[in-house]
Each structure stands twice: as structure tokens, then as C-alpha cells.
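This is structure09.cif. It holds mmCIF, C-alpha atoms.
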data_work
loop_
_atom_site.group_PDB
_atom_site.id
_atom_site.type_symbol
_atom_site.label_atom_id
_atom_site.label_comp_id
_atom_site.auth_asym_id
_atom_site.auth_seq_id
_atom_site.Cartn_x
_atom_site.Cartn_y
_atom_site.Cartn_z
ATOM 1 C CA MET A 1 0.000 0.000 0.000
ATOM 2 C CA PRO A 2 1.683 3.251 -1.055
ATOM 3 C CA SER A 3 1.836 5.953 1.588
ATOM 4 C CA ALA A 4 1.937 9.740 1.254
ATOM 5 C CA THR A 5 5.735 9.614 1.022
ATOM 6 C CA GLY A 6 5.698 7.013 -1.723
ATOM 7 C CA THR A 7 6.910 4.075 0.405
ATOM 8 C CA THR A 8 4.889 0.918 0.723
ATOM 9 C CA LEU A 9 3.672 -0.662 3.913
ATOM 10 C CA SER A 10 3.403 -4.415 3.677
ATOM 11 C CA ARG A 11 0.719 -6.344 5.486
ATOM 12 C CA ARG A 12 3.358 -7.988 7.665
ATOM 13 C CA ARG A 13 4.865 -4.623 8.673
ATOM 14 C CA PHE A 14 1.389 -3.226 9.399
ATOM 15 C CA LEU A 15 0.542 -6.189 11.650
ATOM 16 C CA THR A 16 3.898 -5.902 13.410
ATOM 17 C CA LEU A 17 3.381 -2.210 14.119
ATOM 18 C CA THR A 18 -0.204 -2.588 15.301
ATOM 19 C CA GLY A 19 0.727 -5.615 17.424
ATOM 20 C CA ALA A 20 3.489 -3.658 19.125
ATOM 21 C CA LEU A 21 1.120 -0.759 19.682
ATOM 22 C CA ALA A 22 -1.517 -3.059 21.184
ATOM 23 C CA ALA A 23 1.040 -4.745 23.461
ATOM 24 C CA GLY A 24 2.314 -1.369 24.624
ATOM 25 C CA SER A 25 -1.157 -0.095 25.438
ATOM 26 C CA LEU A 26 -1.966 -3.343 27.267
ATOM 27 C CA ALA A 27 1.164 -2.987 29.388
ATOM 28 C CA LEU A 28 0.291 0.629 30.097
ATOM 29 C CA SER A 29 -3.250 -0.239 31.168
ATOM 30 C CA ALA A 30 -2.045 -3.147 33.323
ATOM 31 C CA SER A 31 0.288 -0.813 35.188
ATOM 32 C CA THR A 32 -2.695 1.257 36.292
ATOM 33 C CA LEU A 33 -4.473 -1.692 37.907
ATOM 34 C CA TRP A 34 -2.396 -1.455 41.086
ATOM 35 C CA PRO A 35 -1.829 1.751 43.035
ATOM 36 C CA ARG A 36 1.527 3.483 42.567
ATOM 37 C CA TRP A 37 2.980 2.259 45.898
ATOM 38 C CA ALA A 38 2.100 -1.339 44.973
ATOM 39 C CA ARG A 39 3.918 -1.073 41.636
ATOM 40 C CA ALA A 40 6.942 0.352 43.478
ATOM 41 C CA GLU A 41 6.898 -2.434 46.077
ATOM 42 C CA PRO A 42 5.431 -5.501 44.335
ATOM 43 C CA GLU A 43 6.645 -7.992 46.951
ATOM 44 C CA LEU A 44 4.967 -6.104 49.788
ATOM 45 C CA ALA A 45 1.833 -5.588 47.678
ATOM 46 C CA THR A 46 1.618 -9.292 46.845
ATOM 47 C CA ARG A 47 1.924 -10.273 50.494
ATOM 48 C CA LEU A 48 -0.708 -7.750 51.603
ATOM 49 C CA LEU A 49 -3.013 -8.686 48.745
ATOM 50 C CA ARG A 50 -2.941 -12.366 49.722
ATOM 51 C CA LEU A 51 -3.696 -11.394 53.321
ATOM 52 C CA GLY A 52 -6.539 -9.073 52.300
ATOM 53 C CA ARG A 53 -8.102 -11.626 49.988
ATOM 54 C CA ASP A 54 -7.966 -14.242 52.739
ATOM 55 C CA ILE A 55 -9.635 -11.921 55.248
ATOM 56 C CA TYR A 56 -12.323 -10.731 52.805
ATOM 57 C CA PRO A 57 -12.494 -13.257 49.939
ATOM 58 C CA HIS A 58 -14.222 -11.773 46.904
ATOM 59 C CA GLU A 59 -12.839 -13.280 43.705
ATOM 60 C CA ALA A 60 -14.653 -10.825 41.427
ATOM 61 C CA ILE A 61 -13.182 -7.705 43.049
ATOM 62 C CA ALA A 62 -10.040 -6.371 41.374
ATOM 63 C CA ASP A 63 -6.735 -6.232 43.264
ATOM 64 C CA ARG A 64 -6.649 -2.442 43.236
ATOM 65 C CA TYR A 65 -9.695 -2.257 45.512
ATOM 66 C CA TYR A 66 -7.846 -4.321 48.107
ATOM 67 C CA LEU A 67 -4.571 -2.424 47.779
ATOM 68 C CA ALA A 68 -5.807 1.185 47.577
ATOM 69 C CA PRO A 69 -7.122 1.433 51.170
ATOM 70 C CA LEU A 70 -3.826 0.090 52.510
ATOM 71 C CA ALA A 71 -1.731 2.990 51.174
ATOM 72 C CA PRO A 72 -2.407 5.341 54.132
ATOM 73 C CA LEU A 73 -1.856 2.455 56.517
ATOM 74 C CA LEU A 74 1.577 1.822 55.035
ATOM 75 C CA GLU A 75 2.495 5.483 55.354
ATOM 76 C CA GLU A 76 1.411 5.688 58.995
ATOM 77 C CA GLN A 77 2.317 2.237 60.327
ATOM 78 C CA ARG A 78 4.880 0.699 57.999
ATOM 79 C CA GLU A 79 6.834 -0.933 60.855
ATOM 80 C CA LEU A 80 3.713 -2.651 62.184
ATOM 81 C CA ILE A 81 2.808 -3.953 58.723
ATOM 82 C CA ALA A 82 6.340 -5.142 57.925
ATOM 83 C CA ALA A 83 6.718 -6.853 61.317
ATOM 84 C CA GLY A 84 3.261 -8.442 61.027
ATOM 85 C CA LEU A 85 3.924 -9.812 57.551
ATOM 86 C CA ASP A 86 7.323 -11.104 58.634
ATOM 87 C CA ASP A 87 5.735 -12.836 61.635
ATOM 88 C CA LEU A 88 3.068 -14.366 59.405
ATOM 89 C CA ASP A 89 5.748 -15.607 56.986
ATOM 90 C CA ARG A 90 7.763 -17.039 59.897
ATOM 91 C CA ARG A 91 4.698 -18.936 61.131
ATOM 92 C CA ALA A 92 3.958 -20.200 57.629
ATOM 93 C CA ARG A 93 7.540 -21.391 57.115
ATOM 94 C CA ALA A 94 7.451 -23.217 60.459
ATOM 95 C CA ALA A 95 4.154 -24.919 59.642
ATOM 96 C CA HIS A 96 4.391 -25.401 55.867
ATOM 97 C CA GLY A 97 7.964 -24.738 54.789
ATOM 98 C CA ARG A 98 7.146 -21.643 52.717
ATOM 99 C CA ASP A 99 6.017 -18.034 53.062
ATOM 100 C CA TYR A 100 2.380 -17.259 53.784
ATOM 101 C CA ALA A 101 1.545 -16.051 50.263
ATOM 102 C CA ALA A 102 2.969 -19.282 48.811
ATOM 103 C CA VAL A 103 0.789 -21.583 50.923
ATOM 104 C CA ASP A 104 -1.638 -23.109 48.429
ATOM 105 C CA SER A 105 -4.437 -24.222 50.716
ATOM 106 C CA ALA A 106 -6.921 -21.571 51.816
ATOM 107 C CA ALA A 107 -7.697 -23.663 54.909
ATOM 108 C CA GLU A 108 -4.014 -23.705 55.908
ATOM 109 C CA ARG A 109 -3.754 -19.933 55.418
ATOM 110 C CA GLU A 110 -6.915 -19.459 57.469
ATOM 111 C CA ALA A 111 -5.408 -21.531 60.288
ATOM 112 C CA LEU A 112 -2.385 -19.226 60.287
ATOM 113 C CA LEU A 113 -4.626 -16.167 60.407
ATOM 114 C CA ARG A 114 -6.567 -17.618 63.337
ATOM 115 C CA GLN A 115 -3.282 -17.664 65.290
ATOM 116 C CA ILE A 116 -2.850 -13.902 64.867
ATOM 117 C CA GLU A 117 -6.456 -12.695 64.616
ATOM 118 C CA ASP A 118 -6.437 -11.030 68.031
ATOM 119 C CA GLY A 119 -3.179 -9.179 67.421
ATOM 120 C CA GLU A 120 -2.753 -5.521 66.559
ATOM 121 C CA PHE A 121 -1.402 -6.220 63.047
ATOM 122 C CA PHE A 122 -4.335 -8.371 61.958
ATOM 123 C CA GLN A 123 -6.936 -6.083 63.511
ATOM 124 C CA THR A 124 -5.380 -3.016 61.902
ATOM 125 C CA VAL A 125 -5.376 -4.556 58.417
ATOM 126 C CA ARG A 126 -8.871 -6.028 58.892
ATOM 127 C CA ASN A 127 -10.351 -2.745 60.097
ATOM 128 C CA THR A 128 -8.732 -0.810 57.267
ATOM 129 C CA LEU A 129 -10.019 -3.225 54.638
ATOM 130 C CA VAL A 130 -13.561 -3.497 55.992
ATOM 131 C CA VAL A 131 -14.026 0.227 55.454
ATOM 132 C CA GLY A 132 -11.967 0.327 52.249
ATOM 133 C CA LEU A 133 -13.968 -2.435 50.580
ATOM 134 C CA TYR A 134 -17.489 -2.126 51.911
ATOM 135 C CA ASP A 135 -17.643 1.668 51.982
ATOM 136 C CA ASN A 136 -16.532 1.947 48.358
ATOM 137 C CA SER A 137 -19.509 3.026 46.250
ATOM 138 C CA GLU A 138 -17.892 1.616 43.087
ATOM 139 C CA LEU A 139 -18.311 -1.875 44.538
ATOM 140 C CA TRP A 140 -21.760 -1.601 46.118
ATOM 141 C CA GLU A 141 -24.143 -2.515 43.333
ATOM 142 C CA PRO A 142 -22.002 -4.698 41.065
ATOM 143 C CA HIS A 143 -20.510 -6.839 43.848
ATOM 144 C CA PHE A 144 -22.770 -6.590 46.881
ATOM 145 C CA GLY A 145 -26.177 -5.689 45.425
ATOM 146 C CA TYR A 146 -26.447 -2.574 47.557
ATOM 147 C CA GLN A 147 -27.905 0.407 45.713
ATOM 148 C CA GLY A 148 -26.676 2.965 48.193
ATOM 149 C CA SER A 149 -28.484 5.309 50.503
ATOM 150 C CA SER A 150 -32.120 5.903 49.690
ATOM 151 C CA TRP A 151 -33.105 8.695 52.061
ATOM 152 C CA GLU A 152 -32.234 11.229 49.371
ATOM 153 C CA GLN A 153 -34.919 9.643 47.162
ATOM 154 C CA GLY A 154 -37.645 9.395 49.787
ATOM 155 C CA GLY A 155 -36.514 6.302 51.684
ATOM 156 C CA TYR A 156 -36.916 2.609 51.046
ATOM 157 C CA VAL A 157 -40.705 2.678 50.886
ATOM 158 C CA GLY A 158 -40.502 4.583 47.603
ATOM 159 C CA ARG A 159 -37.299 2.935 46.409
ATOM 160 C CA GLY A 160 -36.797 -0.780 46.683
ATOM 161 C CA TYR A 161 -38.837 -1.725 49.735
ATOM 162 C CA ASN A 162 -41.572 -3.391 47.728
ATOM 163 C CA ASP A 163 -39.512 -4.408 44.677
ATOM 164 C CA LEU A 164 -38.931 -7.975 45.786
ATOM 165 C CA VAL A 165 -41.274 -10.369 44.041
ATOM 166 C CA ILE A 166 -41.468 -13.725 45.786
ATOM 167 C CA ASP A 167 -43.951 -16.078 44.197
ATOM 168 C CA TRP A 168 -43.907 -18.657 46.929
ATOM 169 C CA LEU A 169 -44.959 -16.369 49.807
#
As C-alpha cells, how would this structure be written, given the file I've shared?
Amino acid sequence: MPSATGTTLSRRRFLTLTGALAAGSLALSASTLWPRWARAEPELATRLLRLGRDIYPHEAIADRYYLAPLAPLLEEQRELIAAGLDDLDRRARAAHGRDYAAVDSAAEREALLRQIEDGEFFQTVRNTLVVGLYDNSELWEPHFGYQGSSWEQGGYVGRGYNDLVIDWL
């Protein structure tokens, strides 16, 4: 195909260029899935993500929704988080011969979490994530079925109270 400059662009060259462009845009979009701190510290992010997903397991929720609420926590209490993750990894290595995030069985990871569930580290991460996940309006309807507050629209009597149709009642 002749171009404006008189050179030809073969089909193979066109596919190569568009493939490279598509791969570049895919890499660029993938880098925005995790918050900036998580891309800078992928090992820490992976460990925290595994912990967060084990505390609040929602497979359909993207990683970024688990990692974003933890950013302020890392800024304010980095030592607590690092020490807590190290302790969890130490317990996992003693019980299973590998770090916590590498333990395959969800039941085995849960048993490890039960050992630390009353500690400050676990409670801090759990409390941060409960607000970060369940108070995020982007997740309400698509993941939890919650339509949000209704008092602005007259309350539940006028919005959703009588919407449920149950044939067997």
C-alpha cells in the first residue's frame, strides 16, 4: 500500500506495528491496575493482597480495591505492617515450609490467620479493609447488590422496599 511519502507498507509490517502498539497499550493499562505504591513495592503488595483476599475473599473484586485502602496504613504504620507480615511468613515457614503467600491451601492460610487474629497487626489490616472495601460506592451494586443510601430519594418505601417479588410467599 503506497503511503503519502511514496513508500509501501506491507501487510506484515502493518501487523507488526499494530501488534506492538496493542502490546504497549496493554502494558500501560495493566500498570494502572495497582496503586503506585504497589507497583513500586510488588513484593509487599503481593503479600498484603494475599492477606486481604484471605480476610475478605471476593474473587470478582479487582486487586486495586484491596490495595488502595492500605496505602495510608503503610504510610502511617509501615513498621507494624512489615513486622506483622514477617511474623506471618515465619509462622507459615514453620508450619508449611514456605512463606504465607505461597501456601496453596486456603484452609491452611486461614489456620495461620486464626493464630494472629487477636493481634494488633491483623486487627489493623482487617479494620482498614472493611471500610476500604465495603464503603466503596464503586463496589456496592455490582458486587454486593447494595444500591446505596435511599433517604435522598424518599426512603426505602418509595425505592426498593416493595420491589422484591417472591412467588412462593
Checklist line | Non-local contacts of Asp86 (chain A) (12 Å; all atoms listed in the file; under 6 positions in same chain excluded) as a count of residues only | finding: 11
Note to self: Restricting the calculation to all atoms listed in the file: of A:Leu85, A:Ala106, A:Ile61, A:Leu67, which residue gets closest to Arg39 (chain A)?
What the structure shows: A:Leu67
Notebook entry, point to check: Which residue gives the smallest distance to Glu108 (chain A) among A:Asp135, A:Gln123, A:Ile55, A:Ala95, with all atoms listed in the file counted?
Noted result: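 Looking only at the distances to Glu108 (chain A), the closest residue turns out to be A:Ala95.
The coordinates place CA of Leu113 (chain A) at 11.1 Å from CA of Gly84 (chain A).
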Notebook entry, point to check: Suppose you want the space between CA of Leu49 (chain A) and CA of Asp63 (chain A); what is it in Å?
Noted result: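 Going from CA of Leu49 (chain A) over to CA of Asp63 (chain A) covers 7.1 Å.
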Listed atoms of region 140-155 of chain A boxed axis-aligned with 6 Å per side, centre + edges as AutoDock Vina command-line options:
--center_x -29.1 --center_y 2.2 --center_z 46.6 --size_x 29.1 --size_y 30.1 --size_z 23.0
Check: Which residues come within 12 Å of His96 (chain A), counting all atoms listed in the file, excluding same-chain residues fewer than 5 positions away, as a PyMOL selection string?
Finding: chain A and resi 88-91+101-105+108-109+111-112
Notebook entry, point to check: How many Å lie between CA of Arg126 (chain A) and CA of Tyr56 (chain A), rounded to one decimal?
Noted result: 8.4 Å
Item checked: Selected residue of minimal separation from Ala107 (chain A) among A:Asp54, A:Arg11, A:Gly155, A:Ala45, counting all atoms listed in the file -> A:Asp54
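Listed by chain and then by number, the residues chosen by the PyMOL selection byres ((chain A and resi 62) around 12) in this file are Ala30, Thr32, Leu33, Trp34, Pro35, Leu49, Gly52, Arg53, Pro57, His58, Glu59, Ala60, Ile61, Asp63, Arg64, Tyr65, Tyr66, Leu67, Ala68, Leu133, Glu138, Leu139 and His143 of chain A.
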